[in-house]
Number of protein chains: 2
Amino acid sequence: MHPGPTDPEGARRRGPGRPRGITSEGREARERLYRAALELVAERGFEATTLRDVAAREGVSAGLLYRYFPSKRAVLLALYDELSAKLAARAARPRPGTWRRRFGDALRTSLAVLGPHREALRSALPALLGGGGEGIFAPATRFSRERVQGVFSEAVRGASDAPGELADALGRALYLAQLAVILFWILDRTDGQRATDELVALAERLLAPIALALRFQRGRAALLRVDALVRAALLGGE
Amino acid sequence: MHPGPTDPEGARRRGPGRPRGITSEGREARERLYRAALELVAERGFEATTLRDVAAREGVSAGLLYRYFPSKRAVLLALYDELSAKLAARAARPRPGTWRRRFGDALRTSLAVLGPHREALRSALPALLGGGGEGIFAPATRFSRERVQGVFSEAVRGASDAPGELADALGRALYLAQLAVILFWILDRTDGQRATDELVALAERLLAPIALALRFQRGRAALLRVDALVRAALLGGE
């Protein structure tokens with residue numbers, strides 16, 4: 001039994017010209033298949049999972065599944081979209097404070113949002129870091145990426161010690177620092193990844209020398225230089 | 001035509017009880033198959049390469065290949081062994097100077113050694129970062145890992161500003177910083193990865209605030225804390 005865009009009722013309500021899959025049955029079917037795909041990726045790994053297996057497990061035709069997710073890549077893109085939206089919503093009203101403290105808050109929120117998907121993310125790491133279109137720096141993921149970057153930019157811009165015209169560059173640097181922490185968390189072998197929690201708790205102290213350096217012309221120049229390199233190397237000049 | 005441990009001449013010279021593959025023909029065959037495997041990995045990607053394809057390309061039986069490399073993992077382990085030995089040899093006599101400058105030198109040497117294998121490393125990134133036994137933090141790679149760590153520890157210990165009892169912790173931190181730079185280099189989309197070269201050239205300046213922080217008790221305590229977390233999380237308590 002699968003409700004969704006193939007049933008005639010749904011098709012009639014949708015009417016001609018209306019995109020497929022936006023009826024509530026369509027949304028439900030899409031959501032169910034999406035969750036099933038993520039579960040299978042978490043169990044078997046991204047490489048070993050096929051959309052055919054997902055369809056079989058849910059008892060739907062591969063054709064129906066492909067209508068919602070034409071490729072495994074589409075599942076990852078949907079996950080990126082879902083998680084970045086959650087992060088943006090939960091981090092919408094940051095506490096007042098220094099940028100270091102607000103960065104720590106944003107980092108904790110980010111890890112809390114990713115938490116339930118650690119296994120899926122671990123197994124998709126190759127794809128996320130790879131050259132394919134589903135990678136964290138690929139053009140196709142730009143919308144989600146900028147949503148996440150926005151959270152870290154806002155942590156800097158609204159801070160009590162916001163560094164003026166450096167705010168954008170610092171926000172991007174903290175966004176990348178976040179990715180490094182996420183990688184650390186995925187690789188973290190301690191129980192419940194408690195080493196990562198402690199690392200985040202230390203973040204404020206670790207960033208103190210950087211905050212100090214940014215008060216001086218040489219430190220500011222170094223940040224701008226690194227920012228230019230990062231944009232050229234990873235973000236394709238964004 | 002393949003010389004090596006299967007030919008009766010080689011077997012006779014080797015004598016009973018002598019491990020296979022250490023005759024000069026055996027070494028040559030192993031070397032040839034190893035290079036062919038790396039080439040194929042660079043062309044097709046680590047996941048898509050099978051040892052059977054490597055054997056076919058070199059016109060040897062799969063059985064002969066398996067004798068030298070029982071799995072793809074064994075090829076990666078051999079690569080890690082080769083590259084870590086090269087790095088240790090080339091970095092054996094570091095220039096005198098501060099630890100920041102010596103770190104920059106070690107980093108440049110490391111990237112020069114890895115350079116010819118960038119495509120193979122990129123495609124093996126999942127395996128290198130994954131939970132399998134060929135990962136950069138897996139027990140099976142401990143010997144090679146410690147050889148590389150040794151280069152970075154030595155950069156600190158022999159420096160004009162060696163930070164006494166912190167040298168080991170700082171050496172490990174710089175070893176990890178090196179891995180982050182290698183990841184950046186693998187992802188770097190600029191021509192000839194010139195952004196990475198510039199980043200390395202900037203390294204001395206970027207580390208200045210850290211060097212300053214390490215002169216104070218709080219900075220030293222933070223480094224030791226981070227070192228303990230890294231060892232627990234990534235190195236399995238090494």
# chains A, B, ... in the order shown; residues from 1 in each chain; ligands from 1

$ interface_residues --of "chain B" --to "chain A" --cutoff "9 Å" --atoms "only C-alpha atoms" --output "count of residues only"
45

$ residues_around --residues "range 140-143 of chain B" --least-positions-apart "3" --cutoff "12 Å" --atoms "only C-alpha atoms" --output "PyMOL selection string"
chain B and resi 73-74+76-82+84-85+128+131-137+146-150+234-236+238

$ select_by_dssp --residues "range 53-185 of chain A" --states "helix (DSSP H, G or I)" --output "ChimeraX atom specification"
/A:53-58,62-68,72-90,99-123,125-129,139-157,164-185

$ write_last_selection --atoms "C-alpha atoms" --output "JSON list (two decimals), in the first residue's frame"
[["chain", "number", "residue", "atom", "x", "y", "z"],
["A", 53, "ASP", "CA", 17.02, -2.26, -2.27],
["A", 54, "VAL", "CA", 15.20, 0.69, -0.74],
["A", 55, "ALA", "CA", 12.19, 0.16, -3.02],
["A", 56, "ALA", "CA", 12.18, -3.57, -2.22],
["A", 57, "ARG", "CA", 12.26, -2.97, 1.51],
["A", 58, "GLU", "CA", 9.36, -0.55, 1.32],
["A", 62, "ALA", "CA", 11.66, 1.12, -8.29],
["A", 63, "GLY", "CA", 9.84, 3.41, -10.73],
["A", 64, "LEU", "CA", 7.90, 5.08, -7.94],
["A", 65, "LEU", "CA", 11.04, 5.57, -5.89],
["A", 66, "TYR", "CA", 12.94, 7.06, -8.84],
["A", 67, "ARG", "CA", 10.16, 9.58, -9.25],
["A", 68, "TYR", "CA", 11.07, 11.04, -5.85],
["A", 72, "LYS", "CA", 21.35, 8.15, -4.28],
["A", 73, "ARG", "CA", 22.85, 11.56, -4.71],
["A", 74, "ALA", "CA", 19.34, 13.03, -4.52],
["A", 75, "VAL", "CA", 18.89, 11.39, -1.11],
["A", 76, "LEU", "CA", 22.07, 13.04, 0.16],
["A", 77, "LEU", "CA", 21.02, 16.40, -1.25],
["A", 78, "ALA", "CA", 17.67, 16.04, 0.54],
["A", 79, "LEU", "CA", 19.48, 15.21, 3.79],
["A", 80, "TYR", "CA", 21.70, 18.25, 3.42],
["A", 81, "ASP", "CA", 18.62, 20.38, 2.79],
["A", 82, "GLU", "CA", 16.76, 18.94, 5.80],
["A", 83, "LEU", "CA", 19.65, 19.30, 8.23],
["A", 84, "SER", "CA", 20.67, 22.77, 7.14],
["A", 85, "ALA", "CA", 17.06, 23.96, 7.53],
["A", 86, "LYS", "CA", 16.89, 22.44, 11.03],
["A", 87, "LEU", "CA", 20.15, 24.08, 12.03],
["A", 88, "ALA", "CA", 19.04, 27.47, 10.71],
["A", 89, "ALA", "CA", 15.75, 27.19, 12.62],
["A", 90, "ARG", "CA", 17.29, 26.08, 15.91],
["A", 99, "TRP", "CA", 31.83, 35.61, 18.78],
["A", 100, "ARG", "CA", 33.80, 32.81, 20.43],
["A", 101, "ARG", "CA", 30.93, 31.98, 22.74],
["A", 102, "ARG", "CA", 28.33, 32.27, 20.00],
["A", 103, "PHE", "CA", 30.48, 30.01, 17.80],
["A", 104, "GLY", "CA", 30.48, 27.40, 20.58],
["A", 105, "ASP", "CA", 26.68, 27.59, 20.75],
["A", 106, "ALA", "CA", 26.30, 27.23, 16.97],
["A", 107, "LEU", "CA", 28.69, 24.28, 17.00],
["A", 108, "ARG", "CA", 26.72, 22.49, 19.72],
["A", 109, "THR", "CA", 23.49, 23.08, 17.82],
["A", 110, "SER", "CA", 25.05, 21.76, 14.62],
["A", 111, "LEU", "CA", 26.26, 18.55, 16.31],
["A", 112, "ALA", "CA", 22.87, 18.07, 17.97],
["A", 113, "VAL", "CA", 21.14, 18.34, 14.58],
["A", 114, "LEU", "CA", 23.56, 15.92, 12.91],
["A", 115, "GLY", "CA", 23.57, 13.50, 15.87],
["A", 116, "PRO", "CA", 20.86, 11.05, 14.75],
["A", 117, "HIS", "CA", 22.53, 10.72, 11.34],
["A", 118, "ARG", "CA", 26.11, 10.01, 12.39],
["A", 119, "GLU", "CA", 26.21, 6.53, 10.83],
["A", 120, "ALA", "CA", 24.71, 7.70, 7.54],
["A", 121, "LEU", "CA", 27.11, 10.64, 7.41],
["A", 122, "ARG", "CA", 30.09, 8.44, 8.20],
["A", 123, "SER", "CA", 29.31, 6.07, 5.39],
["A", 125, "LEU", "CA", 31.84, 10.71, 3.88],
["A", 126, "PRO", "CA", 33.47, 9.70, 0.57],
["A", 127, "ALA", "CA", 30.58, 11.17, -1.39],
["A", 128, "LEU", "CA", 30.47, 14.26, 0.82],
["A", 129, "LEU", "CA", 34.19, 14.90, 0.37],
["A", 139, "PRO", "CA", 27.61, 23.79, -6.79],
["A", 140, "ALA", "CA", 24.46, 21.64, -6.31],
["A", 141, "THR", "CA", 24.67, 22.02, -2.54],
["A", 142, "ARG", "CA", 25.28, 25.76, -2.58],
["A", 143, "PHE", "CA", 21.87, 26.68, -1.19],
["A", 144, "SER", "CA", 22.21, 24.40, 1.85],
["A", 145, "ARG", "CA", 25.84, 25.37, 2.33],
["A", 146, "GLU", "CA", 25.02, 29.07, 2.38],
["A", 147, "ARG", "CA", 22.26, 28.41, 4.89],
["A", 148, "VAL", "CA", 24.79, 26.82, 7.23],
["A", 149, "GLN", "CA", 27.37, 29.51, 6.55],
["A", 150, "GLY", "CA", 24.71, 32.08, 7.40],
["A", 151, "VAL", "CA", 24.41, 30.65, 10.91],
["A", 152, "PHE", "CA", 28.13, 31.10, 11.51],
["A", 153, "SER", "CA", 28.25, 34.53, 9.89],
["A", 154, "GLU", "CA", 25.40, 35.63, 12.15],
["A", 155, "ALA", "CA", 27.26, 34.30, 15.22],
["A", 156, "VAL", "CA", 30.05, 36.74, 14.31],
["A", 157, "ARG", "CA", 28.03, 39.70, 13.04],
["A", 164, "GLY", "CA", 33.69, 45.03, 11.72],
["A", 165, "GLU", "CA", 34.61, 44.49, 8.09],
["A", 166, "LEU", "CA", 36.22, 41.13, 8.91],
["A", 167, "ALA", "CA", 32.90, 39.57, 9.95],
["A", 168, "ASP", "CA", 32.25, 37.76, 6.66],
["A", 169, "ALA", "CA", 35.73, 36.30, 6.44],
["A", 170, "LEU", "CA", 35.66, 35.21, 10.07],
["A", 171, "GLY", "CA", 32.18, 33.69, 9.64],
["A", 172, "ARG", "CA", 33.43, 31.60, 6.72],
["A", 173, "ALA", "CA", 36.51, 30.53, 8.68],
["A", 174, "LEU", "CA", 34.29, 29.41, 11.58],
["A", 175, "TYR", "CA", 32.02, 27.57, 9.16],
["A", 176, "LEU", "CA", 35.08, 25.62, 7.97],
["A", 177, "ALA", "CA", 36.25, 25.08, 11.55],
["A", 178, "GLN", "CA", 32.81, 23.58, 12.15],
["A", 179, "LEU", "CA", 33.33, 21.14, 9.27],
["A", 180, "ALA", "CA", 36.66, 20.11, 10.79],
["A", 181, "VAL", "CA", 34.93, 19.49, 14.13],
["A", 182, "ILE", "CA", 32.23, 17.43, 12.37],
["A", 183, "LEU", "CA", 34.95, 15.33, 10.74],
["A", 184, "PHE", "CA", 36.59, 14.88, 14.15],
["A", 185, "TRP", "CA", 33.19, 13.85, 15.57]]

$ atom_distance --atom1 "CA of Gly97 in chain B" --atom2 "CA of Leu224 in chain B"
23.5 Å

$ atom_distance --atom1 "CA of Ser24 in chain B" --atom2 "CA of Thr50 in chain B"
26.2 Å

$ atom_distance --atom1 "CA of Gly192 in chain B" --atom2 "CA of Ala91 in chain B"
22.9 Å
